[in-house]
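Take a look at the structure below.
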Amino acid sequence: SSSSSSSSSSSDGGGSSTYHVKCSVVSRYAVTTVQSSVWNQLPVIKEAAFEVDLPSSAFISNFTITSNGKVYVAQVKERATARKIYDAAKKQGKTAGLRETEKFRVAVSVPSGALTSFSLTYEELLPRRLGHYQISLGLRPGQLVQNLTLDVSILERTGISFIKVLPLRTSRLLSNITEGDKDAPASTHIERSTGCARVCYSPTLQQQSSISSKGLDADFIIQYDVDLRDPMGDIQVYDGYFVHYFAPRGLPVVPKDVIFVIDVSGSMIGTKIKQTKQAMCTILGDLREGDHFNIITFSDKCLHTTFDTNILHCSCLVSGTNINAALLSAAQLINPPSSGSSINLSSRRVPLIIFLTDGEATIGVTAGDTILNNAKKTLGAASLFGLAFGDDADFLLLKRLALDNRGVARMVYEDADAALQLKGFYDEVASPLLSDIQLSYLDDQAFDITRSVFPNYFQGSELVVAGRVKPGVKDLKVSMSATDSKQRVKLENDVLISHEKPNGSEDSADCSDGLEGISSFVHRLWAYFTIKELLLAKLNSTDPAAQRLLAEKATNLSLKYNFVTPVTSLVVVKPDVDVAVAFTTTPPLSSVRTDPAPVPVRPLISQLIDGDPHFVIQLPKLHQNLCFTVDGMHSIILNVKNDTWIIVDGHLMGAPSKHGLEDRPRTYFDQLTISSATGGSGDIMVTLSLDAVVVEGEGRETLPINQQGSVTRQGVTVTVDNHWNCWIELANDVRFLVLFHRYKHPSYLQMAHLGFYIADGRGLSASTQGLLGQFQHADMTVMVVKDHVAGDAHRANTEKVLDKGILRWDSEHVPVTLQDKTLKDTVGKRHLSRCWVVPKSEIERLLGHPYESYVVDRV
């Protein structure tokens with residue numbers, strides 16, 4: 001009854017690690033990222049393993065490996081394409097493997113002194129069960145970790161009714177001891193407002209070792225529920241997509257007729273029978289007055305119908321399983337041939353069948369399609385819930401039976417808590433409130449709607465529908481009809497469509513940091529739901545042509561939204577021969593493989609400050625650079641970028657003037673300060689000098705620039721690699737690169753200095769200011785002027801003009817010249833590249849402000 005994941009990352013000794021789990025939930029839709037870094041400080045190659053146990057309902061949406069300063073982004077591909085890559089890799093002797101959706105594992109060989117980082121993101125819709133949503137995040141780093149953090153942000157538009165953090169769960173087994181009143185783990189911090197909650201957990205090394213000397217091996221569990229006062233539920237519409245959460249409270253429970261169909265064949269003898277009886281005794285004790293029940297036990301030809309749970313001691317145990325006969329017996333009780341039935345049905349009762357088996361059909365009718373047809377013809381309006389007890393059960397058949405007959409199928413695992421698993425599932429369906437629910441949306445307003453007709457609504461659960469809204473619709477007309485304990489009821493509602501963003505409420509300020517970047521949750525939720533329904537329809541179809549069409553639709557959506565699903569695979573591009581990739585091999589629901597083709601991933605550089613020219617800006621429409629130099633005075637601070645939550649300041653140092661240009665000052669940056677400001681205790685400041693990188697916030701940590709290392713604080717990751725580079729990664733598509741320029745044998749003019757690059761600025765706001773920031777979202781174009789003379793006489797030969805142009809930006813028109821300049825706009829070597837150069841006389845007009853306006857007094 002939870003969303004759960006676990007992950008581990010270990011370096012087989014001798015490595016220091018960082019380990020971060022970040023989960024952002026917007027209206028039940030959760031996006032979780034697990035990040036782990038391993039630094040091998042030993043003189044030999046060591047293996048680092050990264051393993052995540054995913055929730056069974058989740059889709060992976062991103063995976064990256066950073067090795068030796070290079071970032072490799074995994075690609076989602078159609079399974080047949082990935083299979084070809086996999087087969088080719090096997091033929092070439094390259095490491096490859098498959099993975100099941102619930103298990104993700106990768107292991108790489110880390111050379112001595114190298115830093116390897118992993119980042120995995122997955123998405124899911126949290127189900128509501130037993131009156132709450134549950135997030136279970138695995139913390140299994142495989143060792144004690146100096147820097148371990150967990151950060152969960154929850155935003156619910158209708159309000160959060162309660163939230164609690166349970167004690168760390170160190171066992172996967174369920175417990176019948178209530179955990180609600182126990183304390184949250186030490187170092188847990190909870191902030192909560194009406195519609196927003198933030199949970200942070202950062203155990204110290206001492207706290208980790210007090211739990212286990214080998215590091216944490218536990219689940220961090222959060223439970224919460226929402227306020228939902230409108231009987232129609234909560235309908236949210238964003239960017240042409242809608243989601244409808246339907247979970248009415250306070251309705252009377254409808255009486256039920258429940259039939260337990262229990263396998264008592266030879267394979268159930270022993271522990272399974274004892275656990276089943278234990279669960280049944282508890283369940284029967286919880287039946288309400290007015291409920292009717294019956295028990296059918298089956299094996300070979302031995303069918304027993306009784307109200308006495310002692311029948312579980314049935315002596316007619318043989319080595320066969322007659323599933324078909326058991327279902328037909330249940331059908332006779334649910335739909336009796338005459339009024340003399342043992343169960344008196346009425347129109348205001350809910351019929352349920354709970355079917356438990358640990359094996360396959362071996363006696364009587366054994367063909368799956370025949371069993372399915374017989375059940376569908378005879379069960380009528382009953383809902384069948386299939387429970388597969390252990391790995392030998394025919395779970396596929398149970399899933400198809402449930403799909404055909406208004407129910408769901410679940411696995412019951414062979415563990416000491418099997419009785420609690422059985423009781424927990426029964427509790428979910430024990431209190432029906434409504435039946436035959438139909439949620440309707442006018443055909444001329446909405447389309448591509450997911451499932452909207454449901455057989456039952458149970459207390460503590462939630463029904464969810466997603467779809468698309470036609471352009472121009474101002475209000476969405478929604479209606480609901482259902483049968484309650486007495487009559488057929490109908491409700492209608494009009495939902496005004498606004499352009500409000502899901503993280504735009506005033507109450508969400510506490511969570512804004514953690515929730516940005518998934519404002520399109522309704523869009524992705526619709527795709528998530530649609531893919532799952534297409535796959536279920538494919539599973540339940542017997543027509544090969546229909547199966548192919550459904551698979552194709554699911555594949556196209558999976559590729560569009562970058563989801564790893566049973567019809568797509570994750571391909572990891574790993575050209576480095578020194579990095580070996582290994583995977584668990586399990587039955588392929590989806591897969592992760594190495595790609596034999598060496599396709600390097602090049603970092604995106606959009607803006608930079610480095611050397612001469614100081615400033616380089618990429619013009620995206622032209623795929624060309626704009627270059628200019630601001631000649632400042634030394635020992636002053638220049639504001640390079642200024643955003644609502646990021647500030648970058650650079651300190652200038654003086655450099656010797658070039659021969660013949662003594663009146664022109666030369667300056668470089670010798671210090672940069674990057675602040676990620678939240679306005680509170682979560683502020684992070686990174687100070688980069690020619691000697692070290694200092695990270696302040698939640699303490700102070702220093703990274704030498706001549707060796708690899710990594711620090712993460714409040715979602716900001718600072719990594720020094722072995723190429724004299726420092727990467728500063730902030731949330732929401734913002735990544736900076738700082739280069740440490742040093743010379744072994746410097747000339748008179750060469751001085752050690754820093755280069756600053758905006759490697760990824762997509763997450764910066766449109767209001768970004770500063771010498772570079774103001775150009776981040778600027779719409780700039782260059783119009784080539786034809787009447788020029790190449791190589792103007794007044795310019796030196798080293799600055800040969802290749803073309804003239806006019807730079808257009810808003811109402812400004814600035815003359816520029818196209819020249820070849822030596823740039824360093826990647827982590828590679830300096831190279832010649834063409835730049836549209838802004839002359840010194842036009843710099844102030846380009847910037848819109850005098851140079852002095854960028855001088856600040858911050859240190």
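Ordering of the structure tokens sets the chain letters (A, B, ...), residue numbers begin anew at 1 in every chain, and ligands are numbered from 1 in the order given.
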
Filtered DSSP result for region 185-240 of chain A, state strand (DSSP E), as a ChimeraX atom specification: /A:188-192,196-201,218-226,234-238

Non-local contacts of Ser61 (chain A) (7 Å; only C-alpha atoms; under 3 positions in same chain excluded) as JSON, numbers by chain: {"A": [121, 122, 123, 562, 563, 564]}

Atoms kept (N, CA, C and O atoms) for selection, written as a JSON list (two decimals), in the first residue's frame:
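Result file result.json:
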[["chain", "number", "residue", "atom", "x", "y", "z"],
["A", 121, "THR", "N", 16.06, 9.22, -12.25],
["A", 121, "THR", "CA", 14.78, 9.88, -11.98],
["A", 121, "THR", "C", 13.64, 8.96, -12.42],
["A", 121, "THR", "O", 13.70, 8.38, -13.50],
["A", 122, "TYR", "N", 12.65, 8.85, -11.57],
["A", 122, "TYR", "CA", 11.46, 8.09, -11.94],
["A", 122, "TYR", "C", 10.20, 8.85, -11.50],
["A", 122, "TYR", "O", 10.26, 9.70, -10.61],
["A", 123, "GLU", "N", 9.09, 8.53, -12.16],
["A", 123, "GLU", "CA", 7.84, 9.25, -11.94],
["A", 123, "GLU", "C", 6.71, 8.27, -11.70],
["A", 123, "GLU", "O", 6.70, 7.17, -12.25],
["A", 562, "ASN", "N", 9.80, 10.16, -22.77],
["A", 562, "ASN", "CA", 11.05, 9.62, -22.24],
["A", 562, "ASN", "C", 10.82, 8.70, -21.05],
["A", 562, "ASN", "O", 11.57, 8.70, -20.08],
["A", 563, "PHE", "N", 9.77, 7.87, -21.15],
["A", 563, "PHE", "CA", 9.45, 6.92, -20.09],
["A", 563, "PHE", "C", 10.02, 5.54, -20.45],
["A", 563, "PHE", "O", 9.87, 5.07, -21.58],
["A", 564, "VAL", "N", 10.64, 4.90, -19.45],
["A", 564, "VAL", "CA", 11.04, 3.51, -19.62],
["A", 564, "VAL", "C", 9.86, 2.64, -19.17],
["A", 564, "VAL", "O", 9.49, 2.63, -18.00]]

Point-to-point distance from CA of Leu216 (chain A) to CA of Ser17 (chain A), Å rounded to tenths: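 Computing it gives 13.2 Å between the two atoms.
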
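We find CA of Gly113 (chain A) and CA of Trp727 (chain A) to be spaced 17.4 Å apart.
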
Which residue of A:Thr483, A:Thr297, A:Gln275, A:Thr702 approaches Asp417 (chain A) most closely, using only C-alpha atoms: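 That would be A:Gln275, the residue with the smallest distance to Asp417 (chain A).
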
Residues near region 281-284 of chain A, cut-off 9 Å, only C-alpha atoms, skip fewer than 5 positions along chain, as a list in words: Thr276, Phe293, Thr309, Lys423, Tyr426 and Asp427 of chain A

DSSP alpha helix (DSSP H) residues within region 175-365 of chain A, as number ranges by chain: A: 205-211, 271-285, 323-334

Gap from CA of Gln208 (chain A) to CA of Leu144 (chain A) - Å, one decimal: 6.6 Å

Selection near Gly467 (chain A), 10 Å with only C-alpha atoms, sequence-local residues under 3 positions removed, as a ChimeraX atom specification: /A:237,240-244,441,446-452,470,522-523,525-527,529-530

Neighbour list for Leu327 (chain A) as a PyMOL selection string, cut-off 10 Å, only C-alpha atoms, skip fewer than 5 positions in-chain: chain A and resi 261+296+298+322+332+353+355+371-372+374-375+378-379+384

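Using only C-alpha atoms, the protein and nucleic acid residues lying no more than 10 Å from Val785 (chain A), apart from those fewer than 3 places from it along its own chain, are Val782, His788, Asp803, Lys804, Gly805, Ile806, Pro815, Val816 and Thr817 of chain A.
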
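Comparing A:Asp649, A:Ala58, A:Ser175, A:Val465 by their smallest distance to Phe104 (chain A), the closest is A:Ala58 (using only C-alpha atoms).
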